[in-house]
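A.B. asks: Here you go, target_36.cif (mmCIF, C-alpha atoms):
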data_model
loop_
_atom_site.label_atom_id
_atom_site.label_comp_id
_atom_site.auth_asym_id
_atom_site.auth_seq_id
_atom_site.Cartn_x
_atom_site.Cartn_y
_atom_site.Cartn_z
CA MET A 1 0.00 0.00 0.00
CA LYS A 2 2.80 2.39 0.98
CA ASN A 3 4.59 1.77 -2.28
CA LYS A 4 1.46 2.49 -4.35
CA LYS A 5 0.85 5.79 -2.55
CA GLY A 6 4.44 6.80 -3.20
CA ILE A 7 4.17 6.33 -6.95
CA SER A 8 0.91 8.27 -7.07
CA VAL A 9 2.51 11.34 -5.45
CA VAL A 10 5.45 11.21 -7.86
CA ILE A 11 3.11 11.06 -10.85
CA GLY A 12 1.20 13.99 -9.40
CA TYR A 13 4.36 16.06 -9.10
CA ILE A 14 5.55 15.14 -12.56
CA LEU A 15 2.19 16.08 -14.03
CA LEU A 16 2.16 19.40 -12.18
CA VAL A 17 5.66 20.28 -13.30
CA ALA A 18 4.97 19.18 -16.89
CA ILE A 19 1.74 21.17 -17.11
CA SER A 20 3.41 24.24 -15.57
CA ILE A 21 6.32 24.09 -18.03
CA VAL A 22 4.06 23.64 -21.04
CA MET A 23 1.73 26.43 -19.94
CA SER A 24 4.56 28.85 -19.23
CA ILE A 25 6.16 28.16 -22.63
CA LEU A 26 2.88 28.77 -24.42
CA VAL A 27 2.04 31.92 -22.44
CA TYR A 28 5.57 33.25 -22.99
CA GLN A 29 5.40 32.68 -26.74
CA TRP A 30 1.98 34.31 -26.95
CA LEU A 31 2.86 37.33 -24.78
CA LYS A 32 6.21 37.82 -26.51
CA THR A 33 4.42 38.98 -29.66
CA TYR A 34 2.78 41.82 -27.72
CA VAL A 35 6.11 43.34 -26.67
CA PRO A 36 6.57 46.45 -28.80
CA LYS A 37 9.48 46.21 -31.19
CA GLU A 38 11.32 48.76 -33.23
CA THR A 39 9.20 49.76 -36.20
CA PRO A 40 10.52 51.20 -39.43
CA THR A 41 10.00 54.93 -38.98
CA CYS A 42 11.82 57.80 -40.58
CA SER A 43 14.07 59.99 -38.44
CA GLU A 44 12.26 63.03 -37.14
CA GLY A 45 13.63 66.15 -38.75
CA THR A 46 13.83 64.74 -42.27
CA SER A 47 12.54 67.36 -44.66
CA ILE A 48 12.69 68.33 -48.31
CA PHE A 49 11.07 71.07 -50.31
CA VAL A 50 10.48 71.63 -53.99
CA LYS A 51 12.77 74.50 -54.86
CA GLY A 52 11.64 74.75 -58.44
CA VAL A 53 9.14 73.19 -60.86
CA SER A 54 8.77 73.66 -64.55
CA TYR A 55 6.05 71.80 -66.38
CA ASP A 56 6.12 71.93 -70.15
CA CYS A 57 2.66 70.67 -71.18
CA MET A 58 3.35 70.93 -74.87
CA ASN A 59 6.36 68.64 -74.78
CA SER A 60 5.18 66.70 -71.71
CA VAL A 61 8.31 67.34 -69.71
CA LEU A 62 8.30 67.87 -65.98
CA ASN A 63 11.37 69.24 -64.29
CA ILE A 64 11.64 69.44 -60.53
CA THR A 65 14.38 70.65 -58.23
CA ILE A 66 14.43 69.22 -54.75
CA LYS A 67 16.34 70.68 -51.84
CA ASN A 68 17.13 68.86 -48.60
CA ASN A 69 16.31 71.36 -45.88
CA GLY A 70 16.13 68.85 -43.05
CA LYS A 71 18.57 67.49 -40.52
CA PHE A 72 19.14 64.10 -42.17
CA SER A 73 20.31 62.84 -45.53
CA VAL A 74 17.73 61.52 -47.98
CA ASN A 75 18.05 58.49 -50.23
CA GLY A 76 15.30 59.23 -52.75
CA TYR A 77 11.59 59.78 -53.00
CA PHE A 78 8.20 58.48 -54.09
CA ILE A 79 6.51 60.71 -56.63
CA HIS A 80 2.86 60.63 -57.62
CA ALA A 81 0.86 62.96 -59.84
CA SER A 82 -2.78 63.78 -60.29
CA THR A 83 -4.73 64.89 -63.35
CA SER A 84 -7.85 65.81 -61.43
CA GLU A 85 -9.02 69.42 -61.28
CA ASP A 86 -9.99 68.78 -57.69
CA LYS A 87 -7.00 69.96 -55.67
CA ASN A 88 -7.94 67.62 -52.81
CA ALA A 89 -7.88 64.54 -55.04
CA LEU A 90 -5.24 61.97 -54.24
CA ALA A 91 -2.22 61.82 -56.52
CA THR A 92 -2.07 58.18 -57.63
CA ILE A 93 -0.12 58.27 -60.92
CA ASP A 94 3.33 56.89 -60.21
CA LEU A 95 5.96 58.93 -62.07
CA SER A 96 9.03 57.03 -60.86
CA ASN A 97 9.39 54.94 -64.02
CA ARG A 98 9.18 58.08 -66.16
CA ILE A 99 12.36 59.69 -64.92
CA THR A 100 14.79 60.57 -67.70
CA SER A 101 17.56 62.23 -65.70
CA GLY A 102 18.52 63.13 -62.15
CA GLY A 103 17.87 59.82 -60.44
CA ASN A 104 17.43 56.06 -60.80
CA VAL A 105 14.33 53.93 -60.59
CA SER A 106 14.20 51.38 -57.79
CA SER A 107 10.91 49.51 -57.53
CA ASN A 108 8.31 52.30 -57.36
CA SER A 109 10.64 54.96 -56.01
CA ILE A 110 13.47 57.13 -57.22
CA ILE A 111 16.87 56.93 -55.61
CA PHE A 112 19.54 59.55 -56.11
CA SER A 113 22.50 57.17 -56.20
CA PHE A 114 23.00 53.41 -56.34
CA LEU A 115 26.49 53.80 -54.94
CA THR A 116 25.94 56.02 -51.93
CA GLU A 117 23.21 55.58 -49.35
CA ASN A 118 21.24 58.67 -48.41
CA SER A 119 23.28 60.69 -50.87
CA LEU A 120 21.29 63.94 -50.72
CA THR A 121 22.78 65.48 -47.61
CA PRO A 122 21.68 68.61 -45.76
CA ASP A 123 25.11 70.19 -46.50
CA GLU A 124 24.92 73.29 -48.67
CA SER A 125 27.39 71.77 -51.15
CA ASN A 126 25.20 68.72 -51.92
CA ASN A 127 21.61 69.42 -50.95
CA ILE A 128 19.99 70.08 -54.32
CA GLN A 129 18.88 67.51 -56.92
CA GLU A 130 17.24 68.25 -60.22
CA SER A 131 15.19 65.56 -61.97
CA THR A 132 13.40 65.42 -65.30
CA PHE A 133 10.38 63.27 -66.16
CA ASP A 134 8.74 62.34 -69.44
CA VAL A 135 5.04 62.68 -68.66
CA SER A 136 3.63 62.02 -72.11
CA GLU A 137 0.29 60.19 -72.52
CA LEU A 138 -0.77 61.01 -68.98
CA GLY A 139 -2.90 64.04 -69.75
CA ILE A 140 -2.50 67.41 -68.12
CA LEU A 141 -1.01 67.00 -64.67
CA THR A 142 -2.40 69.26 -61.99
CA LYS A 143 -0.48 68.26 -58.90
CA ILE A 144 2.51 66.22 -57.70
CA GLU A 145 3.12 64.69 -54.29
CA ILE A 146 6.61 63.75 -53.15
CA ILE A 147 7.49 61.61 -50.13
CA PRO A 148 11.20 61.40 -49.30
CA THR A 149 12.76 58.04 -48.43
CA ARG A 150 15.76 57.15 -46.30
CA ILE A 151 17.79 53.98 -45.79
CA GLN A 152 17.81 53.18 -42.09
CA GLU A 153 18.83 50.29 -39.93
CA VAL A 154 15.84 48.48 -38.49
CA ASP A 155 16.47 45.32 -36.45
CA GLU A 156 20.07 45.26 -37.72
CA LYS A 157 18.86 45.26 -41.32
CA LYS A 158 19.01 48.14 -43.73
CA ARG A 159 15.58 49.13 -44.95
CA VAL A 160 14.06 51.83 -47.11
CA VAL A 161 11.72 53.86 -44.94
CA SER A 162 9.11 56.27 -46.16
CA CYS A 163 9.14 59.72 -44.51
CA THR A 164 5.39 60.31 -44.62
CA ASP A 165 5.54 63.35 -42.34
CA ALA A 166 7.87 65.08 -44.78
CA LYS A 167 5.48 64.78 -47.75
CA VAL A 168 5.44 67.80 -50.03
CA GLU A 169 2.77 68.82 -52.52
CA GLU A 170 3.15 71.07 -55.52
CA ILE A 171 0.43 72.44 -57.78
CA LEU A 172 1.44 72.35 -61.42
CA THR A 173 0.75 74.99 -64.02
CA CYS A 174 1.64 74.74 -67.68
CA SER A 175 4.54 76.83 -68.79
CA MET B 1 18.31 -17.64 1.15
CA ARG B 2 17.62 -18.54 -2.44
CA LYS B 3 14.01 -17.51 -2.09
CA ARG B 4 15.04 -14.22 -0.50
CA GLY B 5 17.52 -13.57 -3.31
CA LEU B 6 14.92 -14.16 -5.99
CA ILE B 7 12.50 -11.72 -4.40
CA LYS B 8 15.26 -9.09 -4.23
CA LYS B 9 15.96 -9.53 -7.94
CA LYS B 10 12.30 -8.97 -8.83
CA ARG B 11 12.20 -5.84 -6.75
CA GLY B 12 15.37 -4.61 -8.54
CA ILE B 13 13.82 -4.75 -12.03
CA SER B 14 10.59 -3.13 -10.99
CA PRO B 15 11.98 0.40 -10.26
CA VAL B 16 13.72 0.49 -13.68
CA VAL B 17 10.51 -0.44 -15.45
CA THR B 18 8.62 2.06 -13.33
CA SER B 19 11.06 4.84 -14.21
CA ILE B 20 10.80 4.06 -17.92
CA LEU B 21 7.04 3.98 -17.64
CA LEU B 22 6.99 7.26 -15.76
CA VAL B 23 9.19 8.98 -18.30
CA ALA B 24 7.12 7.59 -21.19
CA MET B 25 3.87 8.61 -19.52
CA THR B 26 5.22 12.07 -18.80
CA ILE B 27 6.24 12.60 -22.41
CA VAL B 28 2.85 11.40 -23.65
CA LEU B 29 0.99 13.53 -21.11
CA VAL B 30 3.07 16.62 -21.87
CA SER B 31 2.31 16.18 -25.56
CA ILE B 32 -1.42 15.77 -24.87
CA VAL B 33 -1.50 18.84 -22.58
CA PHE B 34 0.53 20.83 -25.11
CA LEU B 35 -1.82 19.99 -28.00
CA TRP B 36 -4.91 20.64 -25.86
CA PHE B 37 -3.68 23.96 -24.46
CA ARG B 38 -2.44 25.19 -27.82
CA GLY B 39 -5.96 24.88 -29.13
CA LEU B 40 -7.28 27.01 -26.28
CA VAL B 41 -4.77 29.85 -26.66
CA GLU B 42 -5.58 32.30 -29.45
CA GLU B 43 -3.22 31.74 -32.33
CA SER B 44 -1.04 34.80 -32.70
CA VAL B 45 -0.34 36.23 -36.15
CA THR B 46 2.90 38.18 -36.33
CA LYS B 47 4.40 40.67 -38.76
CA PHE B 48 7.91 42.10 -38.39
CA GLY B 49 8.24 39.96 -35.24
CA LYS B 50 5.34 41.50 -33.36
CA ASN B 51 1.64 40.86 -33.06
CA ILE B 52 -0.16 42.01 -36.16
CA LYS B 53 -2.67 43.92 -34.01
CA LEU B 54 0.15 46.23 -32.97
CA VAL B 55 1.33 46.61 -36.57
CA CYS B 56 -2.06 48.13 -37.46
CA ASP B 57 -0.95 51.23 -35.50
CA ASP B 58 1.88 51.80 -37.97
CA VAL B 59 -0.21 51.60 -41.15
CA GLN B 60 -0.46 54.94 -42.91
CA PHE B 61 -2.59 55.34 -45.99
CA GLU B 62 -4.87 57.81 -47.71
CA ALA B 63 -8.11 56.97 -49.47
CA SER B 64 -10.66 58.93 -51.42
CA TYR B 65 -13.73 58.12 -53.50
CA SER B 66 -14.82 60.47 -56.23
CA SER B 67 -16.97 59.96 -59.34
CA GLY B 68 -17.03 56.22 -58.78
CA VAL B 69 -13.25 55.98 -58.53
CA LEU B 70 -11.56 54.72 -55.40
CA SER B 71 -8.03 56.05 -54.90
CA VAL B 72 -5.66 54.71 -52.29
CA VAL B 73 -2.04 55.62 -51.57
CA ASN B 74 0.15 53.74 -49.11
CA ASN B 75 2.19 56.50 -47.48
CA GLY B 76 3.64 54.41 -44.68
CA ASN B 77 6.12 51.63 -44.25
CA ILE B 78 3.72 48.73 -43.79
CA PRO B 79 2.63 46.94 -46.98
CA ILE B 80 -1.14 46.81 -47.40
CA PHE B 81 -2.10 43.42 -48.75
CA ARG B 82 -5.74 44.14 -49.49
CA LEU B 83 -8.59 46.41 -48.50
CA SER B 84 -11.80 45.51 -46.78
CA ILE B 85 -14.54 47.90 -47.87
CA ARG B 86 -17.62 48.42 -45.76
CA MET B 87 -20.44 49.94 -47.77
CA SER B 88 -23.08 51.54 -45.57
CA GLN B 89 -26.54 52.73 -46.40
CA GLY B 90 -28.85 53.88 -43.65
CA GLY B 91 -28.51 51.41 -40.82
CA SER B 92 -27.29 48.48 -42.86
CA PHE B 93 -23.95 47.68 -44.36
CA GLN B 94 -22.13 45.00 -46.29
CA THR B 95 -18.41 44.34 -46.38
CA LYS B 96 -16.50 43.29 -49.47
CA ASP B 97 -12.89 42.60 -50.27
CA ILE B 98 -11.26 44.92 -52.80
CA THR B 99 -10.55 41.95 -55.08
CA ASP B 100 -14.31 41.31 -55.32
CA LEU B 101 -14.84 44.89 -56.48
CA SER B 102 -11.83 45.40 -58.72
CA SER B 103 -9.78 43.00 -60.79
CA SER B 104 -6.82 45.36 -61.08
CA TRP B 105 -5.81 45.38 -57.41
CA PRO B 106 -2.12 44.34 -57.35
CA GLU B 107 -1.65 40.70 -56.39
CA ILE B 108 1.04 41.54 -53.82
CA GLY B 109 -0.90 44.52 -52.53
CA LEU B 110 0.34 48.07 -52.08
CA ASP B 111 3.94 48.24 -51.00
CA GLN B 112 5.59 51.38 -49.61
CA GLY B 113 4.61 54.31 -51.82
CA GLY B 114 2.18 52.16 -53.80
CA ALA B 115 -0.94 53.72 -55.28
CA PHE B 116 -4.21 52.37 -56.62
CA SER B 117 -6.95 54.13 -58.51
CA GLU B 118 -9.84 52.27 -60.10
CA SER B 119 -13.58 52.62 -60.51
CA ILE B 120 -15.54 50.36 -58.20
CA ASN B 121 -19.23 49.73 -57.90
CA ILE B 122 -20.51 50.48 -54.41
CA GLY B 123 -24.19 50.25 -55.31
CA SER B 124 -26.41 52.72 -53.48
CA ALA B 125 -24.15 53.09 -50.44
CA ASN B 126 -23.81 56.64 -49.09
CA LYS B 127 -20.73 55.96 -47.00
CA ILE B 128 -17.79 53.64 -47.40
CA THR B 129 -15.15 52.71 -44.85
CA VAL B 130 -11.84 51.37 -46.07
CA PHE B 131 -9.95 49.03 -43.73
CA PRO B 132 -6.41 47.88 -44.49
CA VAL B 133 -5.82 44.14 -44.61
CA LEU B 134 -2.34 42.97 -43.63
CA VAL B 135 -0.71 39.62 -44.16
CA GLY B 136 1.26 38.04 -41.35
CA THR B 137 2.66 34.69 -40.39
CA SER B 138 1.32 32.18 -37.92
CA SER B 139 2.16 28.61 -37.08
CA LYS B 140 -0.21 27.56 -39.86
CA GLY B 141 1.49 29.71 -42.48
CA LYS B 142 0.46 33.06 -43.92
CA LYS B 143 -2.68 34.62 -42.55
CA THR B 144 -4.52 37.85 -43.30
CA TYR B 145 -5.72 40.26 -40.65
CA VAL B 146 -8.17 43.14 -41.06
CA CYS B 147 -7.23 46.28 -39.13
CA GLU B 148 -10.75 47.16 -38.08
CA GLY B 149 -12.22 49.92 -35.96
CA ALA B 150 -10.26 53.14 -35.74
CA TYR B 151 -7.85 52.02 -38.45
CA GLY B 152 -10.46 52.47 -41.17
CA LYS B 153 -10.88 55.55 -43.33
CA GLU B 154 -14.45 56.76 -43.58
CA ILE B 155 -15.48 58.38 -46.85
CA ASP B 156 -18.84 60.05 -47.43
CA VAL B 157 -20.05 59.40 -50.93
#
Here is the file; what I need is its structure written in the form of structure tokens.
C.D. replies:
Amino acid sequence: MKNKKGISVVIGYILLVAISIVMSILVYQWLKTYVPKETPTCSEGTSIFVKGVSYDCMNSVLNITIKNNGKFSVNGYFIHASTSEDKNALATIDLSNRITSGGNVSSNSIIFSFLTENSLTPDESNNIQESTFDVSELGILTKIEIIPTRIQEVDEKKRVVSCTDAKVEEILTCS
Amino acid sequence: MRKRGLIKKKRGISPVVTSILLVAMTIVLVSIVFLWFRGLVEESVTKFGKNIKLVCDDVQFEASYSSGVLSVVNNGNIPIFRLSIRMSQGGSFQTKDITDLSSSWPEIGLDQGGAFSESINIGSANKITVFPVLVGTSSKGKKTYVCEGAYGKEIDV
């Protein structure tokens, strides 16, 4: 009888320990996902402005000059245009693949240099970039929206991050 | 003496068998408890290593609806896989996936800086709410998650 009781207690302990371990592993794995992690966000203080725009409707050529007036270097930008007369309409026409000079296409964005990361610096000597776009067959453009991008390290990996807060808008008029 | 010796031998084997049995039973029981408890705990879907519910906070997009055309721009850093569109009229509403309303929605969704503009039929709805749908990973593979509630963009038609 004594022997039987002894085994029963051991099984009880083993079960308790096993259940506790399993439960703690599962709870840990589940709760771990709720711990906030670093998210890809652009450095605060990143800013650009459109220094000059010339839109030749007749020849469908758009020329823009961008200046980095922020605190951080910029890698490139997303550029979208609108043909709507409504100035509040969203610009959804992607112009990145229509660039002819002053940048390179990378996916759906424009990057200033393939060789140097964040090449448009805030330094006076290198803070201006002029780009030209062929905007034929798109109709008359009324507005462009530009969102600068930066390459930043997120979770020890380099990633392109969109600087949404630094978005600039420019109304176009035919010249 | 011989009888006593034999009894001792029997008792010697028994603890070994018991230990093996205990270990085997423990492993089996742990597996059963694990499988049972896993079914009770809500399966977490993660994106960028964190719960997808938290990722919804980082989604940034703009949406507008004008003259039957829905325009969406992904301004943020989180790819939007699809859109869930709630079409409301009076007190009733129906929800549809963007792929049911438009065939030109990109298969991989809207990546950073991605834009979409296409005419969609919303029937007689007088208000639409656009919710981003994200894709994350779970133990069962890829899973979509709709960022509902405050993450939607309400557009009066």
A.B. asks: In terms of the shortest atom-to-atom distance over all atoms listed in the file, which of A:Gly102, A:Gly45, A:Gly12, A:Pro36 is closest to chain B?
C.D. replies: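 Looking at the shortest contact to chain B, the residue is A:Pro36.
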A.B. asks: What does the distance from atom CA of Pro132 of chain B to atom CA of Pro79 of chain B come to in Å, to one decimal?
C.D. replies: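 Going from atom CA of Pro132 of chain B over to atom CA of Pro79 of chain B covers 9.4 Å.
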A.B. asks: Quick one: which residues end up in the PyMOL selection byres ((chain B and resi 106) around 12) for this structure, as a PyMOL selection string?
C.D. replies: chain B and resi 79-83+98-99+102-105+107-111+114-118
A.B. asks: Can you write out the residues you just picked, keeping C-alpha atoms, as a PDB file, in the frame of the given file?
C.D. replies:
ATOM      1  CA  PRO B  79       2.630  46.940 -46.980  1.00  0.00           C
ATOM      2  CA  ILE B  80      -1.140  46.810 -47.400  1.00  0.00           C
ATOM      3  CA  PHE B  81      -2.100  43.420 -48.750  1.00  0.00           C
ATOM      4  CA  ARG B  82      -5.740  44.140 -49.490  1.00  0.00           C
ATOM      5  CA  LEU B  83      -8.590  46.410 -48.500  1.00  0.00           C
ATOM      6  CA  ILE B  98     -11.260  44.920 -52.800  1.00  0.00           C
ATOM      7  CA  THR B  99     -10.550  41.950 -55.080  1.00  0.00           C
ATOM      8  CA  SER B 102     -11.830  45.400 -58.720  1.00  0.00           C
ATOM      9  CA  SER B 103      -9.780  43.000 -60.790  1.00  0.00           C
ATOM     10  CA  SER B 104      -6.820  45.360 -61.080  1.00  0.00           C
ATOM     11  CA  TRP B 105      -5.810  45.380 -57.410  1.00  0.00           C
ATOM     12  CA  GLU B 107      -1.650  40.700 -56.390  1.00  0.00           C
ATOM     13  CA  ILE B 108       1.040  41.540 -53.820  1.00  0.00           C
ATOM     14  CA  GLY B 109      -0.900  44.520 -52.530  1.00  0.00           C
ATOM     15  CA  LEU B 110       0.340  48.070 -52.080  1.00  0.00           C
ATOM     16  CA  ASP B 111       3.940  48.240 -51.000  1.00  0.00           C
ATOM     17  CA  GLY B 114       2.180  52.160 -53.800  1.00  0.00           C
ATOM     18  CA  ALA B 115      -0.940  53.720 -55.280  1.00  0.00           C
ATOM     19  CA  PHE B 116      -4.210  52.370 -56.620  1.00  0.00           C
ATOM     20  CA  SER B 117      -6.950  54.130 -58.510  1.00  0.00           C
ATOM     21  CA  GLU B 118      -9.840  52.270 -60.100  1.00  0.00           C
TER      22      GLU B 118
END
A.B. asks: I want to know what sits within 10 Å of Ser96 of chain A, based on all atoms listed in the file, with residues of the same chain fewer than 4 positions away left out; could you give that as a list in words?
C.D. replies: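 These residues fall inside the cut-off: Tyr77, Phe78, Ile79, His80, Thr100, Gly103, Asn104, Val105, Ser106, Ser107, Asn108, Ser109, Ile110, Ile111 and Phe133 of chain A.
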A.B. asks: Could you expand the PyMOL selection byres ((chain B) within 8 of (chain A)) into the explicit residues it covers here, written as an NGL selection string?
C.D. replies: :B and (22 or 26 or 29-30 or 33-34 or 37-38 or 43-44 or 46 or 49-51 or 54 or 58 or 62-64 or 71-73 or 75-77 or 112-117)
A.B. asks: Could you tell me how far atom CA of Asn59 of chain A lies from atom CA of Gln129 of chain A, in Å and to one decimal?
C.D. replies: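 These atoms are spaced 21.8 Å apart.
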A.B. asks: Show which residues sit within 6 Å of Ser119 of chain B, as a list in words. Count only C-alpha atoms, and ignore same-chain residues fewer than 2 positions away.
C.D. replies: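 Within the cut-off, the hits are Gly68, Val69 and Leu70 of chain B.
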A.B. asks: Those selected residues, please, written with C-alpha atoms and delivered as a compact mmCIF listing (two decimals), keeping the file's coordinate frame.
C.D. replies:
# COMPACT_ATOMS: atom_id res chain seq x y z
CA GLY B 68 -17.03 56.22 -58.78
CA VAL B 69 -13.25 55.98 -58.53
CA LEU B 70 -11.56 54.72 -55.40
A.B. asks: Any idea what the distance is between atom CA of Thr46 of chain A and atom CA of Glu117 of chain A?
C.D. replies: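 Interatomic distance, atom CA of Thr46 of chain A to atom CA of Glu117 of chain A: 14.9 Å.
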A.B. asks: Ranking A:Val50, A:Leu95, A:Ile140, A:Ala81 by minimum distance to Lys67 of chain A and counting all atoms listed in the file, which one comes first?
C.D. replies: A:Val50
A.B. asks: Could all heavy atoms be built for segment 78-86 of chain A and written out as a compact mmCIF listing (two decimals), in the coordinates of the input?
C.D. replies:
# COMPACT_ATOMS: atom_id res chain seq x y z
N PHE A 78 9.35 58.99 -53.32
CA PHE A 78 8.20 58.48 -54.09
C PHE A 78 7.56 59.70 -54.73
O PHE A 78 7.45 60.74 -54.08
CB PHE A 78 7.17 57.83 -53.16
CG PHE A 78 7.63 56.59 -52.46
CD1 PHE A 78 7.81 56.56 -51.08
CD2 PHE A 78 7.90 55.43 -53.17
CE1 PHE A 78 8.23 55.41 -50.43
CE2 PHE A 78 8.32 54.28 -52.52
CZ PHE A 78 8.49 54.27 -51.15
N ILE A 79 7.15 59.57 -55.97
CA ILE A 79 6.51 60.71 -56.63
C ILE A 79 5.23 60.25 -57.32
O ILE A 79 5.24 59.29 -58.08
CB ILE A 79 7.48 61.45 -57.59
CG1 ILE A 79 6.77 62.64 -58.26
CG2 ILE A 79 8.09 60.52 -58.64
CD1 ILE A 79 7.71 63.63 -58.92
N HIS A 80 4.15 60.93 -57.01
CA HIS A 80 2.86 60.63 -57.62
C HIS A 80 2.25 61.92 -58.16
O HIS A 80 2.46 62.99 -57.58
CB HIS A 80 1.90 60.01 -56.60
CG HIS A 80 2.33 58.67 -56.13
ND1 HIS A 80 2.91 58.46 -54.90
CD2 HIS A 80 2.27 57.45 -56.73
CE1 HIS A 80 3.20 57.18 -54.77
NE2 HIS A 80 2.82 56.54 -55.86
N ALA A 81 1.50 61.79 -59.23
CA ALA A 81 0.86 62.96 -59.84
C ALA A 81 -0.64 62.74 -59.94
O ALA A 81 -1.13 61.62 -59.83
CB ALA A 81 1.45 63.19 -61.22
N SER A 82 -1.33 63.84 -60.13
CA SER A 82 -2.78 63.78 -60.29
C SER A 82 -3.17 64.57 -61.54
O SER A 82 -2.51 65.56 -61.88
CB SER A 82 -3.45 64.37 -59.06
OG SER A 82 -4.82 64.56 -59.29
N THR A 83 -4.23 64.15 -62.19
CA THR A 83 -4.73 64.89 -63.35
C THR A 83 -6.09 65.51 -63.04
O THR A 83 -6.68 66.15 -63.89
CB THR A 83 -4.87 63.95 -64.58
OG1 THR A 83 -5.66 62.83 -64.19
CG2 THR A 83 -3.53 63.49 -65.10
N SER A 84 -6.53 65.31 -61.81
CA SER A 84 -7.85 65.81 -61.43
C SER A 84 -7.81 67.32 -61.16
O SER A 84 -6.83 67.84 -60.62
CB SER A 84 -8.33 65.07 -60.18
OG SER A 84 -9.49 65.67 -59.69
N GLU A 85 -8.90 67.98 -61.54
CA GLU A 85 -9.02 69.42 -61.28
C GLU A 85 -9.23 69.68 -59.79
O GLU A 85 -8.93 70.76 -59.30
CB GLU A 85 -10.18 70.01 -62.09
CG GLU A 85 -9.95 70.07 -63.59
CD GLU A 85 -8.76 70.94 -63.99
OE1 GLU A 85 -8.55 71.99 -63.35
OE2 GLU A 85 -8.01 70.55 -64.92
N ASP A 86 -9.77 68.67 -59.13
CA ASP A 86 -9.99 68.78 -57.69
C ASP A 86 -8.63 68.75 -56.97
O ASP A 86 -7.92 67.76 -57.00
CB ASP A 86 -10.88 67.59 -57.24
CG ASP A 86 -11.16 67.61 -55.75
OD1 ASP A 86 -10.77 68.59 -55.08
OD2 ASP A 86 -11.75 66.63 -55.26
